[in-house]
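Asker: Below you'll find entry.txt; it's compact mmCIF, C-alpha atoms and all ligand atoms.
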# COMPACT_ATOMS: atom_id res chain seq x y z
CA MET P 139 54.18 40.33 -1.84
CA TRP P 140 51.97 38.58 -4.39
CA ARG P 141 55.01 36.87 -5.79
CA PHE P 142 55.77 35.56 -2.30
CA VAL P 143 52.20 34.24 -1.89
CA PHE P 144 52.53 32.53 -5.28
CA TYR P 145 55.77 30.86 -4.27
CA LEU P 146 54.32 29.81 -0.92
CA SER P 147 51.21 28.29 -2.46
CA THR P 148 53.36 26.48 -5.03
CA PHE P 149 55.51 25.10 -2.22
CA LEU P 150 52.44 23.94 -0.30
CA ALA P 151 50.95 22.38 -3.42
CA LEU P 152 54.16 20.43 -3.99
CA THR P 153 54.72 19.31 -0.41
CA GLY P 154 51.18 19.38 1.01
CA CYS P 155 52.84 20.57 4.17
CA VAL P 156 51.79 23.41 6.42
CA ALA P 157 54.38 24.28 9.02
CA THR P 158 51.75 24.82 11.69
CA ASP P 159 50.28 21.39 11.12
CA PRO P 160 52.72 18.98 12.75
CA ASP P 161 50.24 16.09 12.51
CA ASN P 162 50.34 16.19 8.73
CA PRO P 163 52.38 13.06 7.92
CA GLU P 164 53.85 14.75 4.84
CA CYS P 165 55.51 17.30 7.11
CA LYS P 166 57.45 14.64 8.98
CA THR P 167 60.93 14.16 7.69
CA GLU P 168 62.32 12.37 10.75
CA ALA P 169 61.30 9.10 12.33
CA PRO P 170 59.28 9.56 15.54
CA ASP P 171 61.37 9.73 18.69
CA VAL P 172 61.06 6.27 20.24
CA TYR P 173 62.33 5.97 23.80
CA GLU P 174 64.54 2.99 24.44
CA PRO P 175 64.23 1.92 28.09
CA VAL P 176 67.41 1.27 30.02
CA ASN P 177 67.88 -2.14 31.53
CA VAL P 178 69.53 -1.89 34.95
CA GLU P 179 70.74 -4.91 36.87
CA ASP P 180 71.55 -4.11 40.49
CA ASP P 181 72.25 -6.01 43.70
CA TRP P 182 70.02 -3.80 45.85
CA TYR P 183 67.42 -2.22 43.60
CA ASN P 184 64.88 -3.93 41.46
CA VAL P 185 64.26 -1.61 38.50
CA THR P 186 61.22 -2.07 36.29
CA TYR P 187 60.37 0.07 33.28
CA VAL P 188 56.75 0.90 32.55
CA GLU P 189 55.34 3.03 29.74
CA PRO P 190 55.75 5.88 29.33
CA ARG P 191 59.27 6.73 30.47
CA THR P 192 58.69 5.63 34.03
CA TYR P 193 60.95 3.53 36.22
CA ILE P 194 59.71 1.70 39.31
CA ILE P 195 62.61 1.41 41.74
CA GLU P 196 61.99 -1.19 44.41
CA GLU P 197 64.15 -2.07 47.40
CA PRO P 198 63.00 -5.58 48.20
CA SER P 199 65.76 -6.12 50.79
CA SER P 200 65.00 -2.87 52.62
CA SER P 201 63.36 -3.25 56.02
CA GLN P 202 60.74 -0.81 54.70
CA GLY P 203 60.10 -2.47 51.33
CA ASN P 204 60.44 0.94 49.67
CA VAL P 205 59.36 1.82 46.16
CA SER P 206 60.57 5.06 44.57
CA TYR P 207 59.81 6.31 41.07
CA LEU P 208 61.76 8.02 38.32
CA ILE P 209 59.48 9.91 35.96
CA LEU P 210 61.06 11.12 32.73
CA GLY P 211 60.06 13.75 30.23
CA THR P 212 62.28 14.66 27.30
CA GLU P 213 63.84 17.65 29.06
CA ARG P 214 63.78 16.89 32.77
CA ALA P 215 63.07 14.08 35.19
CA VAL P 216 61.42 13.81 38.58
CA MET P 217 62.65 11.48 41.28
CA PHE P 218 59.80 10.69 43.66
CA ASP P 219 61.41 9.71 47.01
CA THR P 220 64.93 8.54 47.78
CA GLY P 221 64.42 5.45 49.90
CA ALA P 222 65.50 4.34 53.35
CA GLY P 223 69.25 4.48 52.67
CA GLU P 224 69.95 0.97 53.93
CA ASN P 225 72.11 -0.28 51.07
CA ASN P 226 75.89 -0.05 50.77
CA PRO P 227 77.30 2.84 48.75
CA VAL P 228 78.29 2.20 45.14
CA THR P 229 80.65 4.75 43.59
CA ASP P 230 80.11 6.83 46.76
CA THR P 231 76.36 7.06 46.37
CA LYS P 232 73.52 4.86 47.54
CA MET P 233 70.93 5.83 44.97
CA LYS P 234 72.18 8.48 42.55
CA TYR P 235 74.57 5.99 40.89
CA LEU P 236 71.50 4.06 39.81
CA ILE P 237 69.66 7.11 38.47
CA ASP P 238 72.78 8.16 36.55
CA GLN P 239 72.68 4.86 34.69
CA ILE P 240 69.15 5.58 33.54
CA THR P 241 69.18 9.23 32.50
CA ASP P 242 71.36 12.24 31.69
CA LEU P 243 68.41 14.60 32.13
CA PRO P 244 68.42 17.10 35.00
CA VAL P 245 66.67 15.35 37.89
CA THR P 246 64.46 17.17 40.39
CA LEU P 247 63.73 15.37 43.62
CA LEU P 248 60.26 15.56 45.12
CA LEU P 249 59.53 13.79 48.40
CA SER P 250 56.14 12.15 48.72
CA HIS P 251 56.42 13.21 52.40
CA PHE P 252 59.15 13.65 54.97
CA HIS P 253 59.14 10.35 56.88
CA PHE P 254 62.60 8.84 57.49
CA ASP P 255 62.09 5.92 55.12
CA HIS P 256 61.60 8.16 52.05
CA ASN P 257 64.41 10.69 52.29
CA GLN P 258 67.60 9.01 53.49
CA ASN P 259 69.52 9.58 50.23
CA ILE P 260 68.31 13.16 49.80
CA GLN P 261 71.82 14.68 49.97
CA GLU P 262 72.74 12.96 46.69
CA PHE P 263 70.26 15.06 44.74
CA ASP P 264 71.28 18.64 44.07
CA HIS P 265 67.92 19.91 42.87
CA VAL P 266 64.98 19.59 45.22
CA ALA P 267 61.37 20.70 44.81
CA PHE P 268 58.84 21.00 47.62
CA ILE P 269 55.09 21.10 47.38
CA GLU P 270 54.12 24.74 47.91
CA LEU P 271 52.22 24.60 51.19
CA GLU P 272 52.08 27.80 53.21
CA TYR P 273 53.55 26.34 56.39
CA LEU P 274 56.45 24.78 54.48
CA VAL P 275 57.21 28.07 52.72
CA ASN P 276 57.01 29.93 56.04
CA GLY P 277 59.29 27.35 57.66
CA THR P 278 62.02 27.88 55.06
CA SER P 279 64.89 30.28 55.75
CA PRO P 280 65.61 33.26 53.43
CA GLU P 281 68.52 31.17 52.09
CA GLY P 282 66.04 28.47 51.09
CA ILE P 283 66.91 25.95 53.81
CA TYR P 284 64.12 23.84 55.26
CA THR P 285 64.82 22.07 58.57
CA PHE P 286 62.90 18.87 59.20
CA THR P 287 61.24 18.31 62.57
CA GLU P 288 61.52 15.08 64.55
CA GLU P 289 57.79 14.63 64.17
CA GLN P 290 58.06 14.86 60.38
CA LEU P 291 60.86 12.28 60.26
CA VAL P 292 59.09 9.95 62.74
CA GLU P 293 62.33 8.13 63.45
CA GLY P 294 65.94 9.32 63.71
CA ASN P 295 67.35 12.77 63.06
CA PHE P 296 68.45 12.59 59.46
CA PRO P 297 68.21 14.44 57.16
CA GLU P 298 68.49 17.51 59.31
CA SER P 299 67.71 19.98 56.57
CA VAL P 300 67.61 20.49 52.81
CA GLU P 301 67.95 23.37 50.37
CA VAL P 302 64.70 23.90 48.47
CA ASP P 303 65.36 24.95 44.87
CA GLU P 304 61.83 25.01 43.57
CA TRP P 305 58.29 25.31 44.94
CA TRP P 306 55.64 23.43 43.03
CA THR P 307 52.18 24.89 43.43
CA PRO P 308 49.51 22.24 43.89
CA GLN P 309 47.40 21.51 40.82
CA THR P 310 49.61 23.52 38.50
CA SER P 311 51.17 21.99 35.39
CA ILE P 312 54.84 21.09 35.50
CA ASP P 313 56.33 20.57 32.06
CA LEU P 314 58.93 17.78 31.87
CA GLY P 315 59.15 17.98 28.06
CA ASP P 316 56.52 16.03 26.12
CA ARG P 317 55.05 15.11 29.48
CA THR P 318 53.13 17.17 31.97
CA ILE P 319 52.52 16.37 35.60
CA GLU P 320 50.75 18.03 38.50
CA ILE P 321 51.21 17.57 42.20
CA TRP P 322 48.28 17.46 44.58
CA SER P 323 48.25 17.99 48.30
CA ILE P 324 46.75 14.86 49.92
CA PRO P 325 47.15 15.20 53.71
CA GLY P 326 46.23 12.25 55.92
CA HIS P 327 49.27 10.01 56.24
CA ALA P 328 51.40 13.16 56.66
CA ASP P 329 50.48 16.86 56.46
CA GLU P 330 52.85 17.40 53.53
CA SER P 331 51.80 14.28 51.60
CA ALA P 332 52.00 14.93 47.87
CA MET P 333 50.60 12.95 44.96
CA ILE P 334 51.94 13.17 41.41
CA VAL P 335 49.25 13.17 38.72
CA ASP P 336 49.96 12.33 35.09
CA TYR P 337 46.62 12.97 33.38
CA GLU P 338 47.64 12.01 29.87
CA ASN P 339 48.93 8.62 30.91
CA LYS P 340 46.41 8.20 33.71
CA LEU P 341 48.92 7.61 36.47
CA LEU P 342 48.76 8.55 40.15
CA PHE P 343 51.87 8.29 42.30
CA MET P 344 50.51 8.07 45.84
CA GLY P 345 53.48 7.88 48.24
CA ASP P 346 52.30 6.41 51.55
CA PHE P 347 48.71 7.58 51.10
CA ILE P 348 47.87 4.12 49.83
CA TYR P 349 50.00 1.06 49.09
CA ASN P 350 49.71 -2.69 49.45
CA GLY P 351 50.04 -3.15 53.21
CA PRO P 352 48.68 -1.60 56.42
CA MET P 353 48.25 2.18 56.13
CA PHE P 354 49.63 4.37 58.92
CA VAL P 355 47.82 7.31 60.52
CA PHE P 356 49.79 9.39 63.01
CA GLY P 357 47.22 10.45 65.59
CA GLU P 358 43.46 9.94 65.47
CA GLN P 359 42.95 13.63 64.67
CA ASN P 360 44.25 12.87 61.16
CA VAL P 361 41.54 10.32 60.40
CA PRO P 362 38.96 12.92 59.16
CA VAL P 363 41.73 14.65 57.18
CA TYR P 364 42.59 11.32 55.54
CA ILE P 365 38.90 10.69 54.73
CA ALA P 366 38.59 14.14 53.12
CA SER P 367 41.64 13.55 50.90
CA THR P 368 40.32 10.12 49.91
CA ASP P 369 37.05 11.76 48.84
CA VAL P 370 38.91 14.35 46.77
CA ILE P 371 40.88 11.65 44.95
CA THR P 372 37.94 9.30 44.30
CA SER P 373 35.78 12.17 43.03
CA SER P 374 38.54 13.51 40.77
CA PHE P 375 39.84 10.27 39.23
CA ASP P 376 38.47 6.85 38.38
CA SER P 377 39.48 3.24 37.95
CA SER P 378 40.98 3.94 34.52
CA TYR P 379 43.96 5.36 36.46
CA THR P 380 46.90 3.23 37.55
CA LEU P 381 47.97 3.90 41.13
CA TYR P 382 51.49 3.42 42.43
CA GLY P 383 52.31 3.21 46.14
CA ALA P 384 55.57 3.66 48.03
CA HIS P 385 55.85 0.27 49.79
CA GLY P 386 55.38 -3.36 48.84
CA LEU P 387 53.87 -4.36 45.52
CA PRO P 388 53.96 -1.09 43.51
CA GLU P 389 50.61 -1.13 41.70
CA VAL P 390 47.54 -0.45 43.82
CA ASP P 391 43.93 -1.13 42.87
CA PHE P 392 41.92 2.11 42.55
CA ASP P 393 39.03 0.49 44.44
CA ASP P 394 41.30 0.06 47.47
CA LEU P 395 40.73 3.80 48.01
CA PHE P 396 37.10 2.98 48.83
CA GLY P 397 38.22 0.15 51.12
CA LEU P 398 40.60 2.54 52.86
CA ARG P 399 37.82 5.07 53.27
CA ASP P 400 35.54 2.43 54.82
CA VAL P 401 38.12 1.62 57.52
CA LEU P 402 38.81 5.29 58.19
CA VAL P 403 35.09 6.05 58.55
CA CYS P 404 34.74 3.04 60.84
CA ILE P 405 37.54 4.42 63.06
CA ASP P 406 36.09 7.93 62.94
CA GLU P 407 32.62 6.71 63.94
CA ASN P 408 33.98 4.37 66.58
CA THR P 409 32.28 1.31 65.14
CA CYS P 410 35.41 -0.83 64.67
CA THR P 411 37.42 -2.61 67.31
CA ALA P 412 41.20 -2.45 67.32
CA SER P 413 44.02 -4.70 68.39
CA MET P 414 46.85 -2.96 70.22
CA PHE P 415 50.64 -3.30 70.17
CA ASN P 416 53.81 -1.19 70.38
CA LEU P 417 55.91 -0.01 67.43
CA PHE P 418 58.73 2.62 67.24
CA GLY P 419 57.74 3.69 70.76
CA TYR P 420 54.16 4.34 69.63
CA VAL P 421 51.04 2.57 70.81
CA VAL P 422 49.41 1.21 67.68
CA TYR P 423 45.67 0.65 67.27
CA ALA P 424 45.27 -1.70 64.32
CA TYR P 425 41.93 -1.71 62.52
CA SER P 426 40.94 -4.13 59.81
CA LEU P 427 37.93 -4.26 57.51
CA ASN P 428 37.39 -6.33 54.36
CA GLY P 429 41.10 -7.04 54.02
CA MET P 430 42.11 -3.37 54.36
CA GLU P 431 44.18 -2.47 57.40
CA VAL P 432 44.81 0.90 59.04
CA TRP P 433 47.16 1.40 61.96
CA VAL P 434 46.62 4.47 64.10
CA LEU P 435 49.81 5.41 65.93
CA THR P 436 49.37 7.43 69.11
ZN ZN P 501 55.27 7.49 55.60
Taking this structure as input, can you express it in the form of structure tokens?
Ligand SMILES: [Zn+2]

Answerer:
Amino acid sequence: MWRFVFYLSTFLALTGCVATDPDNPECKTEAPDVYEPVNVEDDWYNVTYVEPRTYIIEEPSSSQGNVSYLILGTERAVMFDTGAGENNPVTDTKMKYLIDQITDLPVTLLLSHFHFDHNQNIQEFDHVAFIELEYLVNGTSPEGIYTFTEEQLVEGNFPESVEVDEWWTPQTSIDLGDRTIEIWSIPGHADESAMIVDYENKLLFMGDFIYNGPMFVFGEQNVPVYIASTDVITSSFDSSYTLYGAHGLPEVDFDDLFGLRDVLVCIDENTCTASMFNLFGYVVYAYSLNGMEVWVLT
């Protein structure tokens, strides 16, 4: 035993390296793992890489101006939304072919919410996670099949259903390998609206909760719900975070959350006037305040 301790201390004296101290530079024998971003040129998608290991996937020619996100760790990746499915298939897929060019990691799909313009390529992804909300769990068959409602899709009847492989509990760490995320439930735009939080890199992926463009509320009863979620986000994070939305210009100013809240409060308190028009068979009440627009669809 003492001989072992002697040998160990001699080894440490020579190397200065303690195995449990990975930050000790003398312990490092390999160069640090530097990620080389993949450059993808595509006729439909506009792919932009941002640190760390994040791809912004825009569809500028889509009628919806979609933006989806691919978030990579070292062991697994998360695809946040699958777009409106309006492009022509390439190698029999409309979106997965693109993701396959970027990563070999196992990809889990998480929908920001279930509206038709975020899930049209869902069948190309064989591993799907849902935010663990009680009514979604209860609405899933024993075989793990969740059937979308017309109301959730807003328009059309596709996708009809999806197999849920994983349930992600809100505000619980999900390890992607050298990168941890959480998902938060942020109802308002949709009941199932989910936000991805990356604390270490100070990123918030917002879905349709906020983006650059008019925000949609489906029914006035959701206005107070939307306000409550806005308050949770603004009291939990600050302007050091970068926000990414799901339509239009990807990056959203954190302070726009306060602007959004102002319009929502104005609607809730009946102190704003609206202009009216029809869209997708809905009557839309459009409210505008300080450059921020909210459309209430009824
Ligand atoms: Zn939406």

Asker: Excluding same-chain residues fewer than 2 positions from range 212-219 of chain P, what lies within 8 Å of it counting all atoms listed in the file, as a PyMOL selection string?

Answerer: chain P and resi 206-210+221+243-250+256-257+314-317

Asker: Gly383 in chain P: which residues within 6 Å, counting only C-alpha atoms, same-chain residues fewer than 3 positions away excluded, as a short mmCIF file (atom, residue, chain, number, x, y, z; two decimals) with C-alpha atoms, keeping the file's coordinate frame?

Answerer:
data_model
loop_
_atom_site.label_atom_id
_atom_site.label_comp_id
_atom_site.auth_asym_id
_atom_site.auth_seq_id
_atom_site.Cartn_x
_atom_site.Cartn_y
_atom_site.Cartn_z
CA MET P 344 50.51 8.07 45.84
CA GLY P 345 53.48 7.88 48.24
CA ILE P 348 47.87 4.12 49.83
CA TYR P 349 50.00 1.06 49.09
CA PRO P 388 53.96 -1.09 43.51
#

Asker: Find the residues near ligand ZN 501 (chain P). Use a cut-off of 8 Å, count all atoms listed in the file, and write them as a ChimeraX atom specification.

Answerer: /P:251-256,327-328,345-347,354

Asker: Select all residues near (61.3, 26.4, 41.0) (cut-off 12 Å, inclusive, file coordinates), counting all atoms listed in the file, and output them as an MDAnalysis selection string.

Answerer: chainID P and resid 246:248 265:270 282 301:307 312:313

Asker: If I take CA of Glu358 in chain P and CA of Ser373 in chain P, how far is one from the other in Å, to one decimal?

Answerer: 23.8 Å

Asker: Pick the closest to Glu262 in chain P from P:Val300, P:Leu341, P:Val355, P:Ala424: which is it, counting all atoms listed in the file?

Answerer: P:Val300

Asker: When distances are computed from all atoms listed in the file, which of P:Val275, P:Asn350, P:Asn408, P:Val370 shows the smallest separation from Asp391 in chain P?

Answerer: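 Checking each of P:Val275, P:Asn350, P:Asn408, P:Val370 against Asp391 in chain P, counting all atoms listed in the file, the winner is P:Asn350.
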
Asker: Nearest to Tyr364 in chain P among P:Val403, P:Ser377, P:Tyr183, P:Thr318, with distances taken over all atoms listed in the file: which residue is it?

Answerer: P:Val403

Asker: Enter the distance from CA of Ile240 in chain P to CA of Tyr193 in chain P, in Å, rounded to one decimal.

Answerer: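 Going from CA of Ile240 in chain P over to CA of Tyr193 in chain P, I get 8.9 Å.
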
Asker: Using CA of Ile365 in chain P and CA of His385 in chain P as the two end points, give the distance in Å to one decimal.

Answerer: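 Between CA of Ile365 in chain P and CA of His385 in chain P the gap is 20.5 Å.
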
Asker: Using only C-alpha atoms, which of the listed residues (P:Lys340, P:Leu402, P:Asp264, P:Tyr235) sits closest to Pro190 in chain P?

Answerer: P:Lys340

Asker: P:Glu407, P:Ser279, P:Val176, P:Phe343: which is nearest Val390 in chain P, counting only C-alpha atoms?

Answerer: P:Phe343

Asker: Tell me which protein, DNA and RNA residues are within 10 Å of Met414 in chain P, counting all atoms listed in the file, leaving out same-chain ones fewer than 5 positions away, and put them as a PyMOL selection string.

Answerer: chain P and resi 421-425+433-435

Asker: Write the residues of the selection above to a file with C-alpha atoms, as an mmCIF file, in the frame of the given file.

Answerer:
data_model
loop_
_atom_site.group_PDB
_atom_site.id
_atom_site.type_symbol
_atom_site.label_atom_id
_atom_site.label_comp_id
_atom_site.auth_asym_id
_atom_site.auth_seq_id
_atom_site.Cartn_x
_atom_site.Cartn_y
_atom_site.Cartn_z
ATOM 1 C CA VAL P 421 51.040 2.570 70.810
ATOM 2 C CA VAL P 422 49.410 1.210 67.680
ATOM 3 C CA TYR P 423 45.670 0.650 67.270
ATOM 4 C CA ALA P 424 45.270 -1.700 64.320
ATOM 5 C CA TYR P 425 41.930 -1.710 62.520
ATOM 6 C CA TRP P 433 47.160 1.400 61.960
ATOM 7 C CA VAL P 434 46.620 4.470 64.100
ATOM 8 C CA LEU P 435 49.810 5.410 65.930
#

Asker: Excluding Ala366 in chain P and any residue of its chain fewer than 6 positions from it, enumerate the residues within 10 Å of it, using only C-alpha atoms, and give them as an mmCIF file with C-alpha atoms, in the frame of the given file.

Answerer:
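The new file around.cif reads:
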data_model
loop_
_atom_site.group_PDB
_atom_site.id
_atom_site.type_symbol
_atom_site.label_atom_id
_atom_site.label_comp_id
_atom_site.auth_asym_id
_atom_site.auth_seq_id
_atom_site.Cartn_x
_atom_site.Cartn_y
_atom_site.Cartn_z
ATOM 1 C CA ILE P 324 46.750 14.860 49.920
ATOM 2 C CA PRO P 325 47.150 15.200 53.710
ATOM 3 C CA GLY P 326 46.230 12.250 55.920
ATOM 4 C CA ASN P 360 44.250 12.870 61.160
ATOM 5 C CA ARG P 399 37.820 5.070 53.270
#

Asker: Given the choices P:Asp336, P:Tyr187, P:Ser374, P:Glu288, which gets closest to Thr310 in chain P if the distance is worked out from only C-alpha atoms?

Answerer: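 Looking only at the distances to Thr310 in chain P, the closest residue turns out to be P:Asp336.
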
Asker: Using only C-alpha atoms, determine which residues lie at most 10 Å from Asp180 in chain P, disregarding the query and same-chain residues fewer than 4 positions distant; provide the list as a PyMOL selection string.

Answerer: chain P and resi 184-185+236
